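Dumped data.pdb below, it's PDB, C-alpha atoms:
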MODEL        1
ATOM      1  CA  MET A1420      35.028 140.805 200.336
ATOM      2  CA  GLN A1421      38.710 140.903 199.622
ATOM      3  CA  LEU A1422      38.877 139.990 195.961
ATOM      4  CA  PHE A1423      42.366 141.171 195.213
ATOM      5  CA  LEU A1424      44.461 139.665 197.994
ATOM      6  CA  LYS A1425      45.743 136.685 196.003
ATOM      7  CA  ALA A1426      46.523 138.545 192.795
ATOM      8  CA  PRO A1427      50.101 139.761 192.398
ATOM      9  CA  ARG A1428      49.717 143.520 192.572
ATOM     10  CA  ALA A1429      53.408 143.936 191.903
ATOM     11  CA  LEU A1430      52.971 142.324 188.487
ATOM     12  CA  LEU A1431      50.127 144.728 187.726
ATOM     13  CA  LEU A1432      52.321 147.678 188.667
ATOM     14  CA  ILE A1433      55.190 146.337 186.540
ATOM     15  CA  ALA A1434      52.830 145.829 183.600
ATOM     16  CA  ILE A1435      51.498 149.388 183.910
ATOM     17  CA  VAL A1436      55.014 150.848 184.099
ATOM     18  CA  ALA A1437      56.063 148.793 181.069
ATOM     19  CA  ALA A1438      52.970 149.939 179.158
ATOM     20  CA  VAL A1439      53.702 153.588 179.935
ATOM     21  CA  ALA A1440      57.343 153.148 178.866
ATOM     22  CA  ALA A1441      56.223 151.474 175.627
ATOM     23  CA  GLY A1442      53.812 154.341 175.033
ATOM     24  CA  LEU A1443      56.596 156.889 175.403
ATOM     25  CA  CYS A1444      58.654 155.015 172.809
ATOM     26  CA  ALA A1445      55.720 154.318 170.491
ATOM     27  CA  ASP A1446      56.613 157.113 168.069
ATOM     28  CA  LEU A1447      59.890 155.343 167.307
ATOM     29  CA  MET A1448      58.040 152.276 166.030
ATOM     30  CA  ASN A1449      56.907 151.675 162.488
ATOM     31  CA  PRO A1450      53.208 152.726 162.357
ATOM     32  CA  TYR A1451      52.215 149.378 160.859
ATOM     33  CA  TYR A1452      53.894 147.335 163.606
ATOM     34  CA  ARG A1453      52.552 149.696 166.247
ATOM     35  CA  GLY A1454      49.036 149.107 164.930
ATOM     36  CA  VAL A1455      49.510 145.326 165.062
ATOM     37  CA  VAL A1456      50.740 145.512 168.669
ATOM     38  CA  ILE A1457      47.684 147.582 169.611
ATOM     39  CA  ASP A1458      45.485 144.970 167.926
ATOM     40  CA  ILE A1459      47.166 142.346 170.118
ATOM     41  CA  GLY A1460      46.360 144.321 173.261
ATOM     42  CA  ILE A1461      42.704 144.660 172.248
ATOM     43  CA  ALA A1462      42.546 140.935 171.465
ATOM     44  CA  ILE A1463      43.946 140.129 174.915
ATOM     45  CA  ILE A1464      41.192 142.141 176.603
ATOM     46  CA  LEU A1465      38.516 140.409 174.522
ATOM     47  CA  ALA A1466      39.925 136.916 175.085
ATOM     48  CA  VAL A1467      40.475 137.318 178.826
ATOM     49  CA  SER A1468      36.991 138.762 179.356
ATOM     50  CA  LEU A1469      35.340 135.955 177.370
ATOM     51  CA  ASN A1470      37.463 133.411 179.247
ATOM     52  CA  LEU A1471      35.711 134.476 182.454
ATOM     53  CA  ILE A1472      32.380 133.495 180.877
ATOM     54  CA  ASN A1473      33.286 130.480 178.743
ATOM     55  CA  GLY A1474      36.346 129.188 180.546
ATOM     56  CA  HIS A1475      35.960 129.835 184.260
ATOM     57  CA  THR A1476      32.162 129.787 184.530
ATOM     58  CA  GLY A1477      31.556 127.074 181.949
ATOM     59  CA  GLN A1478      29.039 128.929 179.758
ATOM     60  CA  PHE A1479      29.174 129.203 175.980
ATOM     61  CA  SER A1480      28.653 132.731 174.727
ATOM     62  CA  LEU A1481      28.763 133.565 171.025
ATOM     63  CA  GLY A1482      27.751 137.207 171.374
ATOM     64  CA  HIS A1483      30.937 138.866 172.605
ATOM     65  CA  ALA A1484      31.208 140.969 169.461
ATOM     66  CA  GLY A1485      27.809 142.436 170.346
ATOM     67  CA  PHE A1486      29.134 143.786 173.647
ATOM     68  CA  MET A1487      32.249 145.011 171.855
ATOM     69  CA  SER A1488      30.095 146.890 169.352
ATOM     70  CA  VAL A1489      28.090 148.573 172.129
ATOM     71  CA  GLY A1490      31.276 149.881 173.730
ATOM     72  CA  ALA A1491      32.696 150.938 170.371
ATOM     73  CA  TYR A1492      29.635 152.880 169.256
ATOM     74  CA  VAL A1493      28.881 154.492 172.628
ATOM     75  CA  SER A1494      32.453 155.692 173.202
ATOM     76  CA  ALA A1495      32.834 156.852 169.585
ATOM     77  CA  MET A1496      29.546 158.778 169.624
ATOM     78  CA  ILE A1497      30.499 160.488 172.901
ATOM     79  CA  THR A1498      33.899 161.453 171.503
ATOM     80  CA  LEU A1499      32.401 162.818 168.279
ATOM     81  CA  ALA A1500      29.869 164.864 170.269
ATOM     82  CA  LEU A1501      32.529 166.280 172.613
ATOM     83  CA  ARG A1502      34.902 167.132 169.769
ATOM     84  CA  GLN A1503      32.515 169.829 168.578
ATOM     85  CA  SER A1504      32.851 171.791 171.825
ATOM     86  CA  MET A1505      36.465 171.264 172.939
ATOM     87  CA  GLY A1506      39.986 170.989 171.633
ATOM     88  CA  ALA A1507      42.130 167.908 171.122
ATOM     89  CA  ASP A1508      44.021 168.384 174.411
ATOM     90  CA  GLN A1509      40.818 168.587 176.446
ATOM     91  CA  LEU A1510      39.396 165.613 174.562
ATOM     92  CA  ALA A1511      42.441 163.487 175.415
ATOM     93  CA  TRP A1512      41.747 163.903 179.136
ATOM     94  CA  LEU A1513      38.251 162.515 178.632
ATOM     95  CA  PHE A1514      39.397 159.440 176.702
ATOM     96  CA  LEU A1515      39.378 157.106 179.717
ATOM     97  CA  PRO A1516      35.924 158.259 180.973
ATOM     98  CA  THR A1517      34.647 157.763 177.430
ATOM     99  CA  LEU A1518      35.943 154.189 177.393
ATOM    100  CA  VAL A1519      34.453 153.515 180.818
ATOM    101  CA  ALA A1520      31.087 154.886 179.657
ATOM    102  CA  GLY A1521      31.136 152.481 176.714
ATOM    103  CA  GLY A1522      32.077 149.627 179.041
ATOM    104  CA  LEU A1523      29.256 150.458 181.465
ATOM    105  CA  VAL A1524      26.648 150.532 178.707
ATOM    106  CA  ALA A1525      27.993 147.209 177.430
ATOM    107  CA  ALA A1526      27.769 145.819 180.984
ATOM    108  CA  LEU A1527      24.148 147.001 181.152
ATOM    109  CA  ALA A1528      23.508 145.179 177.869
ATOM    110  CA  GLY A1529      25.142 142.099 179.379
ATOM    111  CA  LEU A1530      22.832 142.352 182.371
ATOM    112  CA  LEU A1531      19.737 142.730 180.201
ATOM    113  CA  VAL A1532      20.722 139.693 178.157
ATOM    114  CA  GLY A1533      22.091 137.670 181.034
ATOM    115  CA  VAL A1534      19.154 137.803 183.445
ATOM    116  CA  PRO A1535      16.614 136.124 181.130
ATOM    117  CA  SER A1536      18.987 133.909 179.128
ATOM    118  CA  LEU A1537      21.514 132.545 181.629
ATOM    119  CA  ARG A1538      18.990 130.141 183.080
ATOM    120  CA  LEU A1539      19.717 128.228 179.880
ATOM    121  CA  ARG A1540      22.708 125.996 179.320
ATOM    122  CA  GLY A1541      24.974 124.771 176.554
ATOM    123  CA  ASP A1542      23.671 124.982 173.006
ATOM    124  CA  TYR A1543      20.563 126.924 174.005
ATOM    125  CA  LEU A1544      22.641 129.654 175.656
ATOM    126  CA  ALA A1545      24.974 129.786 172.647
ATOM    127  CA  ILE A1546      22.006 130.326 170.311
ATOM    128  CA  VAL A1547      20.554 133.086 172.513
ATOM    129  CA  THR A1548      23.864 134.962 172.751
ATOM    130  CA  LEU A1549      24.444 134.548 169.022
ATOM    131  CA  GLY A1550      21.001 136.037 168.385
ATOM    132  CA  PHE A1551      21.769 138.930 170.714
ATOM    133  CA  GLY A1552      24.945 139.767 168.840
ATOM    134  CA  GLU A1553      23.083 139.823 165.540
ATOM    135  CA  ILE A1554      20.262 141.933 166.996
ATOM    136  CA  ILE A1555      22.751 144.550 168.209
ATOM    137  CA  ARG A1556      24.450 144.624 164.809
ATOM    138  CA  VAL A1557      21.151 145.075 162.973
ATOM    139  CA  ILE A1558      20.067 147.833 165.384
ATOM    140  CA  PHE A1559      23.246 149.822 164.765
ATOM    141  CA  GLN A1560      22.847 149.186 161.046
ATOM    142  CA  ASN A1561      19.424 150.856 161.068
ATOM    143  CA  VAL A1562      19.973 153.729 163.511
ATOM    144  CA  GLU A1563      20.817 156.938 161.677
ATOM    145  CA  ALA A1564      22.383 158.506 164.786
ATOM    146  CA  ALA A1565      24.943 155.689 164.713
ATOM    147  CA  GLY A1566      25.672 156.217 161.021
ATOM    148  CA  GLY A1567      23.421 153.447 159.725
ATOM    149  CA  ALA A1568      24.968 150.837 157.455
ATOM    150  CA  SER A1569      27.937 153.103 156.691
ATOM    151  CA  GLY A1570      28.844 153.352 160.390
ATOM    152  CA  LEU A1571      30.849 156.118 162.040
ATOM    153  CA  SER A1572      33.953 157.745 160.583
ATOM    154  CA  GLY A1573      36.268 160.550 161.557
ATOM    155  CA  ILE A1574      36.734 159.196 165.080
ATOM    156  CA  PRO A1575      39.821 160.788 166.671
ATOM    157  CA  ARG A1576      42.758 158.371 166.898
ATOM    158  CA  MET A1577      43.411 158.335 170.640
ATOM    159  CA  THR A1578      44.169 154.676 171.298
ATOM    160  CA  GLY A1579      47.876 154.202 171.949
ATOM    161  CA  LEU A1580      50.155 151.484 173.249
ATOM    162  CA  ALA A1581      50.065 152.823 176.803
ATOM    163  CA  TRP A1582      46.270 152.939 177.186
ATOM    164  CA  THR A1583      45.794 149.619 175.424
ATOM    165  CA  PHE A1584      48.184 147.600 177.554
ATOM    166  CA  ILE A1585      47.352 149.375 180.802
ATOM    167  CA  LEU A1586      43.726 148.365 180.303
ATOM    168  CA  ALA A1587      44.775 144.882 179.183
ATOM    169  CA  ALA A1588      46.787 144.512 182.404
ATOM    170  CA  VAL A1589      43.827 145.725 184.451
ATOM    171  CA  ALA A1590      41.503 143.254 182.707
ATOM    172  CA  VAL A1591      43.870 140.331 183.389
ATOM    173  CA  TYR A1592      44.339 141.454 186.996
ATOM    174  CA  VAL A1593      40.611 141.844 187.710
ATOM    175  CA  VAL A1594      39.654 138.499 186.160
ATOM    176  CA  ALA A1595      42.514 136.604 187.840
ATOM    177  CA  SER A1596      41.802 138.246 191.200
ATOM    178  CA  LEU A1597      38.097 137.567 190.968
ATOM    179  CA  VAL A1598      38.528 133.900 190.045
ATOM    180  CA  ASN A1599      41.168 133.296 192.738
ATOM    181  CA  SER A1600      39.139 134.986 195.474
ATOM    182  CA  THR A1601      36.806 133.226 197.886
ATOM    183  CA  TYR A1602      33.802 134.604 196.016
ATOM    184  CA  GLY A1603      35.307 133.546 192.695
ATOM    185  CA  ARG A1604      35.322 129.903 193.735
ATOM    186  CA  GLY A1605      31.614 130.062 193.005
ATOM    187  CA  PHE A1606      32.429 130.485 189.294
ATOM    188  CA  ILE A1607      34.505 127.298 189.385
ATOM    189  CA  ALA A1608      31.748 125.459 191.259
ATOM    190  CA  VAL A1609      29.171 126.490 188.662
ATOM    191  CA  HIS A1610      31.550 125.406 185.911
ATOM    192  CA  ASP A1611      32.079 121.973 187.463
ATOM    193  CA  ASP A1612      28.487 121.118 188.414
ATOM    194  CA  GLU A1613      25.555 123.538 188.621
ATOM    195  CA  VAL A1614      23.358 121.025 190.450
ATOM    196  CA  ALA A1615      25.987 120.393 193.114
ATOM    197  CA  ALA A1616      26.617 124.138 193.436
ATOM    198  CA  SER A1617      22.889 124.726 193.991
ATOM    199  CA  ALA A1618      22.811 121.958 196.590
ATOM    200  CA  MET A1619      25.630 123.707 198.450
ATOM    201  CA  GLY A1620      23.579 126.897 198.642
ATOM    202  CA  LEU A1621      25.086 128.784 195.701
ATOM    203  CA  ASN A1622      22.954 130.586 193.138
ATOM    204  CA  PRO A1623      24.345 129.547 189.722
ATOM    205  CA  THR A1624      22.318 132.173 187.843
ATOM    206  CA  ARG A1625      23.767 134.977 189.958
ATOM    207  CA  TYR A1626      27.329 133.812 189.307
ATOM    208  CA  LYS A1627      26.668 133.434 185.590
ATOM    209  CA  VAL A1628      25.113 136.900 185.363
ATOM    210  CA  THR A1629      28.054 138.392 187.297
ATOM    211  CA  ALA A1630      30.526 136.777 184.900
ATOM    212  CA  PHE A1631      28.462 137.952 181.940
ATOM    213  CA  VAL A1632      28.336 141.564 183.171
ATOM    214  CA  ILE A1633      32.070 141.761 183.957
ATOM    215  CA  GLY A1634      32.966 140.110 180.652
ATOM    216  CA  ALA A1635      30.658 142.481 178.768
ATOM    217  CA  PHE A1636      32.211 145.497 180.530
ATOM    218  CA  PHE A1637      35.730 144.652 179.366
ATOM    219  CA  ALA A1638      34.450 143.762 175.896
ATOM    220  CA  GLY A1639      32.971 147.266 175.769
ATOM    221  CA  ILE A1640      36.326 148.721 176.834
ATOM    222  CA  ALA A1641      38.003 146.756 174.026
ATOM    223  CA  GLY A1642      35.389 148.072 171.602
ATOM    224  CA  GLY A1643      36.122 151.664 172.604
ATOM    225  CA  LEU A1644      39.841 151.116 172.110
ATOM    226  CA  PHE A1645      39.125 149.521 168.732
ATOM    227  CA  ALA A1646      36.965 152.449 167.570
ATOM    228  CA  HIS A1647      39.569 155.048 168.546
ATOM    229  CA  HIS A1648      42.303 152.952 166.937
ATOM    230  CA  LYS A1649      40.701 152.291 163.542
ATOM    231  CA  THR A1650      39.000 155.772 163.448
ATOM    232  CA  SER A1651      35.989 154.283 161.638
ATOM    233  CA  ILE A1652      33.591 151.464 162.480
ATOM    234  CA  THR A1653      30.747 149.736 160.669
ATOM    235  CA  PRO A1654      28.218 147.164 161.926
ATOM    236  CA  GLN A1655      29.755 144.524 159.652
ATOM    237  CA  VAL A1656      32.974 144.593 161.698
ATOM    238  CA  PHE A1657      31.117 143.149 164.697
ATOM    239  CA  ASP A1658      29.437 140.207 162.997
ATOM    240  CA  PHE A1659      29.389 136.560 164.079
ATOM    241  CA  MET A1660      32.903 135.949 162.748
ATOM    242  CA  LYS A1661      34.329 138.441 165.239
ATOM    243  CA  SER A1662      32.690 136.577 168.120
ATOM    244  CA  PHE A1663      33.895 133.284 166.675
ATOM    245  CA  GLU A1664      37.438 134.638 166.466
ATOM    246  CA  VAL A1665      37.447 135.451 170.188
ATOM    247  CA  VAL A1666      35.914 132.065 171.056
ATOM    248  CA  VAL A1667      38.722 130.336 169.125
ATOM    249  CA  MET A1668      41.287 132.276 171.177
ATOM    250  CA  VAL A1669      39.742 130.986 174.398
ATOM    251  CA  ILE A1670      39.507 127.393 173.167
ATOM    252  CA  LEU A1671      42.973 127.383 171.645
ATOM    253  CA  GLY A1672      44.547 128.836 174.778
ATOM    254  CA  GLY A1673      42.808 126.330 177.060
ATOM    255  CA  MET A1674      39.472 126.998 178.717
ATOM    256  CA  GLY A1675      40.036 128.736 182.025
ATOM    257  CA  ARG A1676      43.789 129.188 181.465
ATOM    258  CA  THR A1677      44.521 132.902 181.564
ATOM    259  CA  ALA A1678      48.150 132.671 180.431
ATOM    260  CA  GLY A1679      47.222 130.305 177.607
ATOM    261  CA  VAL A1680      44.398 132.550 176.430
ATOM    262  CA  ILE A1681      46.759 135.529 176.326
ATOM    263  CA  LEU A1682      49.279 133.572 174.244
ATOM    264  CA  ALA A1683      46.508 132.393 171.919
ATOM    265  CA  ALA A1684      45.302 135.976 171.472
ATOM    266  CA  VAL A1685      48.824 137.003 170.459
ATOM    267  CA  LEU A1686      49.207 134.041 168.106
ATOM    268  CA  LEU A1687      45.847 134.424 166.358
ATOM    269  CA  THR A1688      46.338 138.173 165.929
ATOM    270  CA  LEU A1689      49.760 137.690 164.356
ATOM    271  CA  ALA A1690      48.818 134.702 162.172
ATOM    272  CA  PRO A1691      46.834 136.691 159.550
ATOM    273  CA  GLU A1692      49.701 139.183 159.310
ATOM    274  CA  PHE A1693      52.231 136.437 158.538
ATOM    275  CA  LEU A1694      49.878 134.989 155.929
ATOM    276  CA  ARG A1695      49.463 138.231 153.968
ATOM    277  CA  SER A1696      52.040 137.059 151.430
ATOM    278  CA  VAL A1697      49.555 134.397 150.347
ATOM    279  CA  ALA A1698      46.525 136.650 150.599
ATOM    280  CA  GLU A1699      44.308 134.609 148.260
ATOM    281  CA  TYR A1700      44.808 131.474 150.379
ATOM    282  CA  ARG A1701      45.164 133.185 153.741
ATOM    283  CA  MET A1702      41.759 132.337 155.209
ATOM    284  CA  ILE A1703      41.963 128.730 153.968
ATOM    285  CA  ILE A1704      45.376 128.228 155.602
ATOM    286  CA  TYR A1705      44.172 130.016 158.733
ATOM    287  CA  ALA A1706      41.083 127.772 158.981
ATOM    288  CA  LEU A1707      43.082 124.583 158.336
ATOM    289  CA  LEU A1708      45.597 125.603 161.002
ATOM    290  CA  ILE A1709      42.817 126.033 163.554
ATOM    291  CA  ILE A1710      41.231 122.681 162.578
ATOM    292  CA  PHE A1711      44.588 120.908 162.919
ATOM    293  CA  LEU A1712      45.235 122.469 166.322
ATOM    294  CA  MET A1713      41.762 121.551 167.551
ATOM    295  CA  ILE A1714      42.311 117.926 166.483
ATOM    296  CA  ALA A1715      45.848 117.682 167.832
ATOM    297  CA  ARG A1716      45.234 119.670 171.040
ATOM    298  CA  PRO A1717      41.495 119.610 171.862
ATOM    299  CA  GLN A1718      42.256 120.615 175.470
ATOM    300  CA  GLY A1719      43.990 123.777 174.275
ATOM    301  CA  LEU A1720      47.391 124.443 172.769
ATOM    302  CA  PHE A1721      48.707 125.998 175.971
ATOM    303  CA  HIS A1722      46.978 123.683 178.455
ATOM    304  CA  PHE A1723      49.455 121.388 180.181
ATOM    305  CA  GLU A1724      48.582 118.901 182.910
ATOM    306  CA  ARG A1725      51.117 117.727 185.430
ATOM    307  CA  ARG A1726      51.591 113.985 185.333
ATOM    308  CA  LYS A1727      51.048 112.254 188.621
ATOM    309  CA  ARG A1728      53.740 109.827 189.627
ATOM    310  CA  SER A1729      52.381 106.440 190.488
ATOM    311  CA  SER A1730      53.690 105.285 193.831
ATOM    312  CA  ALA A1731      55.055 101.786 194.048
ATOM    313  CA  ALA A1732      53.237  99.485 196.440
TER     314      ALA A1732
ENDMDL
END
For the file at hand, write its structure as structure tokens.
Amino acid sequence: MQLFLKAPRALLLIAIVAAVAAGLCADLMNPYYRGVVIDIGIAIILAVSLNLINGHTGQFSLGHAGFMSVGAYVSAMITLALRQSMGADQLAWLFLPTLVAGGLVAALAGLLVGVPSLRLRGDYLAIVTLGFGEIIRVIFQNVEAAGGASGLSGIPRMTGLAWTFILAAVAVYVVASLVNSTYGRGFIAVHDDEVAASAMGLNPTRYKVTAFVIGAFFAGIAGGLFAHHKTSITPQVFDFMKSFEVVVMVILGGMGRTAGVILAAVLLTLAPEFLRSVAEYRMIIYALLIIFLMIARPQGLFHFERRKRSSAA
């Protein structure tokens, strides 16, 4: 199965080189702006991974923050355990394996949730995934090894511009390549009509579970980056509102539109920063802006259809 033939590998290489160059110049940036840019990269990974589930496969998941929390806690706990036996330089070399470990555990969680629940559709699936996200949050809130309600603190700050945008580029590349491959057409078929896809010999549940697992993996990666960027995490960070925030990015960018979702992730990450001058009204303005955009552009702010020219008889 050649999944990556249609994806522009040159663009991936350019993105990686640009991310490395930005990482080398990161120390010249204001720490505040650097932190915001890293937040944008994490948001892109979350939005693109959820777009595979909600946009390309046509499901409606409200539990993405749950997968993010699994990756965040697993990677942070591994880092904190390793820090006791090795120095900072040795720990830096294990940063990527730590992120991958968090992503794999999140993917396993996605599999455990996806197999029994993805036979459902629409509102029922949304309720199940929402419940899963809350269950994960409550579990972390009551597990002493994970810090309980106070969470984990003292996590080494290892997330930088280079790692963040390299992994964001990889996430975009993998999702775009998968969807544009021959196998990935099954996701589109399931999105369009599950009954017709089944009649053509496809297994909709298998495609939905695959999308769920891949999306959960990258959400776990984003969670690991988030934990090593903020240096402290609590269960409250990964509540329903976090999942809702990512869902809004996907809807605002246009369901199934990778470029639009990326632009929406950038916009919705920057919007709260621009509204800090009116802090007491920030969330009201933010909510009204989203409502207005959903009314004015229900198909997505960055979703543009080409008009067909009517041919004269």
Check your understanding: Using all atoms listed in the file, which of the listed residues (A:Lys1649, A:Tyr1700, A:Arg1625, A:His1483) sits closest to Ile1464 (chain A)?
Key ->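 The closest residue to Ile1464 (chain A) is A:His1483.
Distance check against Ala1429 (chain A) using all atoms listed in the file: of A:Gly1566, A:Leu1523, A:Ala1445, A:Ala1588, the minimum falls on A:Ala1588.
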With the file shown as input, list the residues that the PyMOL selection byres ((chain A and resi 1546) around 12) selects, as an mmCIF file with C-alpha atoms, keeping the file's coordinate frame.
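Final output, part-v6.cif:
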data_model
loop_
_atom_site.group_PDB
_atom_site.id
_atom_site.type_symbol
_atom_site.label_atom_id
_atom_site.label_comp_id
_atom_site.auth_asym_id
_atom_site.auth_seq_id
_atom_site.Cartn_x
_atom_site.Cartn_y
_atom_site.Cartn_z
ATOM 1 C CA GLN A 1478 29.039 128.929 179.758
ATOM 2 C CA PHE A 1479 29.174 129.203 175.980
ATOM 3 C CA SER A 1480 28.653 132.731 174.727
ATOM 4 C CA LEU A 1481 28.763 133.565 171.025
ATOM 5 C CA GLY A 1482 27.751 137.207 171.374
ATOM 6 C CA SER A 1536 18.987 133.909 179.128
ATOM 7 C CA LEU A 1537 21.514 132.545 181.629
ATOM 8 C CA LEU A 1539 19.717 128.228 179.880
ATOM 9 C CA ARG A 1540 22.708 125.996 179.320
ATOM 10 C CA GLY A 1541 24.974 124.771 176.554
ATOM 11 C CA ASP A 1542 23.671 124.982 173.006
ATOM 12 C CA TYR A 1543 20.563 126.924 174.005
ATOM 13 C CA LEU A 1544 22.641 129.654 175.656
ATOM 14 C CA ALA A 1545 24.974 129.786 172.647
ATOM 15 C CA VAL A 1547 20.554 133.086 172.513
ATOM 16 C CA THR A 1548 23.864 134.962 172.751
ATOM 17 C CA LEU A 1549 24.444 134.548 169.022
ATOM 18 C CA GLY A 1550 21.001 136.037 168.385
ATOM 19 C CA PHE A 1551 21.769 138.930 170.714
ATOM 20 C CA GLY A 1552 24.945 139.767 168.840
ATOM 21 C CA GLU A 1553 23.083 139.823 165.540
ATOM 22 C CA PHE A 1659 29.389 136.560 164.079
#
**Request:** Compute the distance from (35.6, 140.0, 187.6) to each atom, counting all atoms listed in the file, keep the residues with any atom at most 6 Å away, and return them as number ranges by chain; use the coordinates of the file.
**Result:** A: 1593-1594, 1597, 1633
Let me know the residues the PyMOL selection byres ((chain A and resi 1680-1689) around 6) catches in the file above, as a PyMOL selection string.
chain A and resi 1459+1462-1463+1668-1669+1672+1677-1679+1690-1692
CA of Asn1473 (chain A) sits from CA of Ile1670 (chain A) at a separation of 8.9 Å
Using all atoms listed in the file, determine which residues lie at most 12 Å from Leu1571 (chain A), disregarding the query and same-chain residues fewer than 3 positions distant; provide the list as an MDAnalysis selection string. chainID A and resid 1488 1491:1499 1559:1560 1562:1568 1574:1575 1646:1647 1649:1656
task: For CA of Val1436 (chain A) and CA of Trp1582 (chain A), quote the distance in Å rounded to one decimal.
output: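 The value is 11.3 Å.
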What lies within 9 Å of region 1447-1457 of chain A using all atoms listed in the file, ignoring chain neighbours under 3 positions off, as a JSON list (two decimals) with C-alpha atoms, keeping the file's coordinate frame?
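part-v1.json, written as the output of this step:
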[["chain", "number", "residue", "atom", "x", "y", "z"],
["A", 1443, "LEU", "CA", 56.60, 156.89, 175.40],
["A", 1444, "CYS", "CA", 58.65, 155.01, 172.81],
["A", 1460, "GLY", "CA", 46.36, 144.32, 173.26],
["A", 1461, "ILE", "CA", 42.70, 144.66, 172.25],
["A", 1462, "ALA", "CA", 42.55, 140.94, 171.46],
["A", 1578, "THR", "CA", 44.17, 154.68, 171.30],
["A", 1579, "GLY", "CA", 47.88, 154.20, 171.95],
["A", 1580, "LEU", "CA", 50.16, 151.48, 173.25],
["A", 1583, "THR", "CA", 45.79, 149.62, 175.42],
["A", 1584, "PHE", "CA", 48.18, 147.60, 177.55],
["A", 1644, "LEU", "CA", 39.84, 151.12, 172.11],
["A", 1645, "PHE", "CA", 39.12, 149.52, 168.73],
["A", 1648, "HIS", "CA", 42.30, 152.95, 166.94],
["A", 1685, "VAL", "CA", 48.82, 137.00, 170.46],
["A", 1688, "THR", "CA", 46.34, 138.17, 165.93],
["A", 1689, "LEU", "CA", 49.76, 137.69, 164.36],
["A", 1692, "GLU", "CA", 49.70, 139.18, 159.31]]
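Closest approach to Phe1663 (chain A) from the set A:Lys1627, A:Ser1572, A:Ala1466, A:Ala1525 is made by A:Ala1466, with distances taken over only C-alpha atoms.
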- Query: Ala1434 (chain A): which residues within 12 Å, counting all atoms listed in the file, same-chain residues fewer than 6 positions away excluded, as a count of residues only?
  - Reply: 16
Evaluate the PyMOL selection byres ((chain A and resi 1522) around 6) against this structure - the residues, as number ranges by chain, please.
A: 1490, 1519-1521, 1523-1525, 1636, 1639-1640
ask   = In Å to one decimal, how far is CA of Leu1671 (chain A) from CA of Arg1538 (chain A)?
value =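 Going from CA of Arg1538 (chain A) over to CA of Leu1671 (chain A), I get 26.7 Å.
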Missing atoms in region 1574-1585 of chain A: fill them in up to N, CA and C atoms and send the result as a compact mmCIF listing (two decimals), keeping the file's coordinate frame.
# COMPACT_ATOMS: atom_id res chain seq x y z
N ILE A 1574 36.52 159.33 163.64
CA ILE A 1574 36.73 159.20 165.08
C ILE A 1574 38.19 159.56 165.38
N PRO A 1575 38.43 160.42 166.36
CA PRO A 1575 39.82 160.79 166.67
C PRO A 1575 40.65 159.56 167.06
N ARG A 1576 41.87 159.50 166.57
CA ARG A 1576 42.76 158.37 166.90
C ARG A 1576 43.43 158.67 168.24
N MET A 1577 42.89 158.09 169.30
CA MET A 1577 43.41 158.34 170.64
C MET A 1577 43.92 157.07 171.32
N THR A 1578 43.69 155.93 170.72
CA THR A 1578 44.17 154.68 171.30
C THR A 1578 45.66 154.53 171.02
N GLY A 1579 46.43 154.38 172.08
CA GLY A 1579 47.88 154.20 171.95
C GLY A 1579 48.33 152.95 172.68
N LEU A 1580 49.61 152.66 172.59
CA LEU A 1580 50.16 151.48 173.25
C LEU A 1580 49.94 151.53 174.76
N ALA A 1581 50.16 152.71 175.35
CA ALA A 1581 50.06 152.82 176.80
C ALA A 1581 48.66 152.49 177.29
N TRP A 1582 47.64 153.17 176.75
CA TRP A 1582 46.27 152.94 177.19
C TRP A 1582 45.86 151.50 176.94
N THR A 1583 46.22 150.97 175.78
CA THR A 1583 45.79 149.62 175.42
C THR A 1583 46.32 148.59 176.41
N PHE A 1584 47.60 148.65 176.71
CA PHE A 1584 48.18 147.60 177.55
C PHE A 1584 47.98 147.87 179.04
N ILE A 1585 47.76 149.12 179.41
CA ILE A 1585 47.35 149.38 180.80
C ILE A 1585 45.99 148.73 181.06
